[in-house]
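K.L.:
The structure is given below, and queries will be raised subsequently.
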Amino acid sequence: MNVKELYEEQKELAKQAILVDSFDKMELIGGVDCAYFEDNVISGAVVIDYNTFELVDKAYDVLKVDFPYIPGLLAYREAVPMMAAVKKLKIRPDILMVDGFGTNHPRRCGIATYIGIKLDIPAMGVGKSYMYGKVEEDEIYQDGEKVCQLLYSRKSKRPVYISPGHRISLSTSVDIARHFMDGGRIPLPVKLADEYVADIKQKILKTVHT
DNA sequence: GCGACAG
DNA sequence: ATCTTGTCGC
C-alpha cells in the first residue's frame with residue numbers, strides 16, 4: 001500500500017470513530033508505549049487501577065520494525081506492536097491511554113483512534129509535542145471543532161496534548177489525564193509504560209550483546 | 001513550488 | 001524514537 005492509499009484508509013477509519021463516552025466503567029486504565037533498538041520495536045502495555053494508582057498488570061512484545069516513521073502515519077509503524085502488547089495482558093483495561101494523538105490529526109486518525117477502532121476499545125491520546133490544528137489558548141481546533149486540550153503540569157513549561165481516540169469524549173479524556181497528572185508532565189499510565197519498555201530494552205541489551 | 005505533521 | 005555530558009533549577 002502506498003501513502004495515498006493509507007491516507008484513504010485513515011479517513012475511512014476516522015468515520016468510524018465514536019467521540020462520546022461509550023463504556024460502562026473506568027476502573028482500570030491502560031498505558032502503551034514503544035522503544036527501539038537496532039531494527040526491533042519493543043512495545044509495552046501496563047494497567048493501572050484508577051482509584052489506587054496501583055500497577056495491576058503489564059505485558060510486552062518485541063517485533064521487527066516493518067514501516068518507517070512518516071509524519072501522520074505513525075500508526076502504521078507502532079499500532080501493531082502496541083496492540084500485540086495489549087493482547088498479551090491478562091487483565092483488560094477499560095480505557096487505553098496511547099502515547100500519541102487521537103482525533104487531533106491531519107485526517108483525524110492518530111494512533112489512538114487507529115488502535116481504538118482496530119481493537120474496539122475506548123482509547124485516548126497523550127501527545128508530547130504539537131501535531132496539527134489551530135491553537136487557541138490551551139486548546140486546538142480543526143474545522144471549528146475542539147479536538148485537543150493542552151495540559152500543563154505544575155513544573156514543566158511544555159504541555160501535554162490530550163485528544164480522544166475512540167469511544168470516549170475529549171472532556172472525559174482530559175479528566176482522566178488530569179487525574180493521573182501527579183507532579184510530572186506525563187500522565188501515570190503512559191509514564192509507566194514508557195519506563196517499562198525502557199527497562200525491557202536495557203535488560204535485552206544487557207543479555208544479548210550485539 | 002513551499003511548508004508542515006506524533007514517535 | 002535514538003545518539004549523549006554536563007549542567008541549571010527546584
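Identifiers in the C-alpha cells: chain A, B, ... in order shown; residue index from 1 per chain; ligand index from 1 in order shown.
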Can you tell me which residues surround DG7 in chain B at a distance of at most 9 Å, considering only C-alpha atoms (C1' of nucleotides), apart from same-chain residues fewer than 5 positions away, and format the answer as a PDB file with C-alpha atoms (C1' of nucleotides), in the first residue's frame?
P.N.:
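And here is the file that came out, selection.pdb:
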ATOM      1  CA  CYS A  34       7.259   1.780  22.358  1.00  0.00           C
ATOM      2  CA  TYR A  69       8.488   6.857  10.568  1.00  0.00           C
ATOM      3  CA  PRO A  71       4.676  12.150   9.851  1.00  0.00           C
ATOM      4  CA  LEU A  74       2.885   6.722  12.946  1.00  0.00           C
ATOM      5  CA  GLU A  78       3.635   1.368  16.083  1.00  0.00           C
ATOM      6  CA  ASP A  99       1.447   7.669  23.508  1.00  0.00           C
ATOM      7  CA  GLY A 100       0.497   9.843  20.554  1.00  0.00           C
TER       8      GLY A 100
ATOM      9  C1'  DA C   1      12.350   7.220  18.647  1.00  0.00           C
TER      10       DA C   1
END
K.L.:
Considering only C-alpha atoms (C1' of nucleotides), extract the chain B residues located within 9 Å of chain A and return them as a list in words.
P.N.:
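Residues satisfying the distance criterion: DA4, DC5, DA6 and DG7 of chain B.
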K.L.:
Pull all heavy atoms from the residues just selected and write them as a PDB file, in the first residue's frame.
P.N.:
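Result file follows (out_0.pdb):
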ATOM      1  P    DA B   4       7.549  25.181   8.047  1.00  0.00           P
ATOM      2  OP1  DA B   4       7.553  26.265   9.041  1.00  0.00           O
ATOM      3  OP2  DA B   4       8.773  24.425   7.719  1.00  0.00           O
ATOM      4  O5'  DA B   4       6.407  24.147   8.459  1.00  0.00           O
ATOM      5  C5'  DA B   4       5.042  24.578   8.513  1.00  0.00           C
ATOM      6  C4'  DA B   4       4.153  23.398   8.880  1.00  0.00           C
ATOM      7  O4'  DA B   4       3.884  22.616   7.715  1.00  0.00           O
ATOM      8  C3'  DA B   4       4.838  22.470   9.892  1.00  0.00           C
ATOM      9  O3'  DA B   4       3.905  22.054  10.869  1.00  0.00           O
ATOM     10  C2'  DA B   4       5.292  21.289   9.045  1.00  0.00           C
ATOM     11  C1'  DA B   4       4.258  21.268   7.938  1.00  0.00           C
ATOM     12  N9   DA B   4       4.750  20.724   6.670  1.00  0.00           N
ATOM     13  C8   DA B   4       6.024  20.727   6.187  1.00  0.00           C
ATOM     14  N7   DA B   4       6.165  20.116   5.034  1.00  0.00           N
ATOM     15  C5   DA B   4       4.884  19.696   4.734  1.00  0.00           C
ATOM     16  C6   DA B   4       4.347  18.997   3.653  1.00  0.00           C
ATOM     17  N6   DA B   4       5.071  18.566   2.620  1.00  0.00           N
ATOM     18  N1   DA B   4       3.032  18.738   3.667  1.00  0.00           N
ATOM     19  C2   DA B   4       2.294  19.158   4.698  1.00  0.00           C
ATOM     20  N3   DA B   4       2.681  19.836   5.777  1.00  0.00           N
ATOM     21  C4   DA B   4       4.000  20.073   5.730  1.00  0.00           C
ATOM     22  P    DC B   5       4.489  21.600  12.285  1.00  0.00           P
ATOM     23  OP1  DC B   5       3.700  22.171  13.401  1.00  0.00           O
ATOM     24  OP2  DC B   5       5.945  21.831  12.249  1.00  0.00           O
ATOM     25  O5'  DC B   5       4.208  20.040  12.198  1.00  0.00           O
ATOM     26  C5'  DC B   5       3.125  19.484  12.926  1.00  0.00           C
ATOM     27  C4'  DC B   5       2.985  18.015  12.620  1.00  0.00           C
ATOM     28  O4'  DC B   5       2.199  17.808  11.427  1.00  0.00           O
ATOM     29  C3'  DC B   5       4.324  17.308  12.384  1.00  0.00           C
ATOM     30  O3'  DC B   5       4.268  16.041  13.013  1.00  0.00           O
ATOM     31  C2'  DC B   5       4.366  17.132  10.856  1.00  0.00           C
ATOM     32  C1'  DC B   5       2.884  16.930  10.568  1.00  0.00           C
ATOM     33  N1   DC B   5       2.448  17.249   9.173  1.00  0.00           N
ATOM     34  C2   DC B   5       2.172  16.213   8.294  1.00  0.00           C
ATOM     35  O2   DC B   5       2.297  15.056   8.683  1.00  0.00           O
ATOM     36  N3   DC B   5       1.782  16.502   7.021  1.00  0.00           N
ATOM     37  C4   DC B   5       1.659  17.763   6.629  1.00  0.00           C
ATOM     38  N4   DC B   5       1.284  17.988   5.372  1.00  0.00           N
ATOM     39  C5   DC B   5       1.906  18.851   7.514  1.00  0.00           C
ATOM     40  C6   DC B   5       2.307  18.566   8.768  1.00  0.00           C
ATOM     41  P    DA B   6       5.516  15.421  13.789  1.00  0.00           P
ATOM     42  OP1  DA B   6       6.409  16.548  14.179  1.00  0.00           O
ATOM     43  OP2  DA B   6       6.024  14.374  12.901  1.00  0.00           O
ATOM     44  O5'  DA B   6       5.011  14.730  15.120  1.00  0.00           O
ATOM     45  C5'  DA B   6       4.572  15.528  16.215  1.00  0.00           C
ATOM     46  C4'  DA B   6       3.969  14.624  17.265  1.00  0.00           C
ATOM     47  O4'  DA B   6       2.883  13.866  16.695  1.00  0.00           O
ATOM     48  C3'  DA B   6       4.945  13.592  17.823  1.00  0.00           C
ATOM     49  O3'  DA B   6       4.579  13.345  19.162  1.00  0.00           O
ATOM     50  C2'  DA B   6       4.668  12.365  16.968  1.00  0.00           C
ATOM     51  C1'  DA B   6       3.162  12.476  16.825  1.00  0.00           C
ATOM     52  N9   DA B   6       2.591  11.805  15.654  1.00  0.00           N
ATOM     53  C8   DA B   6       3.042  11.792  14.358  1.00  0.00           C
ATOM     54  N7   DA B   6       2.276  11.117  13.545  1.00  0.00           N
ATOM     55  C5   DA B   6       1.242  10.659  14.355  1.00  0.00           C
ATOM     56  C6   DA B   6       0.099   9.886  14.097  1.00  0.00           C
ATOM     57  N6   DA B   6      -0.215   9.425  12.893  1.00  0.00           N
ATOM     58  N1   DA B   6      -0.714   9.616  15.139  1.00  0.00           N
ATOM     59  C2   DA B   6      -0.403  10.099  16.340  1.00  0.00           C
ATOM     60  N3   DA B   6       0.643  10.836  16.715  1.00  0.00           N
ATOM     61  C4   DA B   6       1.431  11.089  15.657  1.00  0.00           C
ATOM     62  P    DG B   7       5.687  12.986  20.212  1.00  0.00           P
ATOM     63  OP1  DG B   7       5.020  13.040  21.514  1.00  0.00           O
ATOM     64  OP2  DG B   7       6.844  13.857  19.913  1.00  0.00           O
ATOM     65  O5'  DG B   7       6.081  11.497  19.882  1.00  0.00           O
ATOM     66  C5'  DG B   7       5.077  10.490  19.935  1.00  0.00           C
ATOM     67  C4'  DG B   7       5.667   9.152  19.440  1.00  0.00           C
ATOM     68  O4'  DG B   7       5.953   9.254  18.023  1.00  0.00           O
ATOM     69  C3'  DG B   7       6.970   8.796  20.121  1.00  0.00           C
ATOM     70  O3'  DG B   7       6.878   7.534  20.789  1.00  0.00           O
ATOM     71  C2'  DG B   7       8.023   8.703  19.039  1.00  0.00           C
ATOM     72  C1'  DG B   7       7.256   8.779  17.732  1.00  0.00           C
ATOM     73  N9   DG B   7       7.902   9.801  16.919  1.00  0.00           N
ATOM     74  C8   DG B   7       7.665  11.156  16.931  1.00  0.00           C
ATOM     75  N7   DG B   7       8.517  11.826  16.213  1.00  0.00           N
ATOM     76  C5   DG B   7       9.369  10.859  15.680  1.00  0.00           C
ATOM     77  C6   DG B   7      10.501  10.986  14.842  1.00  0.00           C
ATOM     78  O6   DG B   7      10.988  12.029  14.394  1.00  0.00           O
ATOM     79  N1   DG B   7      11.071   9.758  14.547  1.00  0.00           N
ATOM     80  C2   DG B   7      10.617   8.544  14.999  1.00  0.00           C
ATOM     81  N2   DG B   7      11.290   7.481  14.608  1.00  0.00           N
ATOM     82  N3   DG B   7       9.562   8.414  15.785  1.00  0.00           N
ATOM     83  C4   DG B   7       8.991   9.601  16.090  1.00  0.00           C
TER      84       DG B   7
END
K.L.:
Output as a PyMOL selection string the set of chain C residues within 12 Å of chain A, with distances taken over only C-alpha atoms (C1' of nucleotides).
P.N.:
chain C and resi 1-3+9-10
K.L.:
Just to confirm, what's the straight-line distance from CA of Val190 in chain A to CA of Lys206 in chain A in Å (one decimal)?
P.N.:
24.3 Å
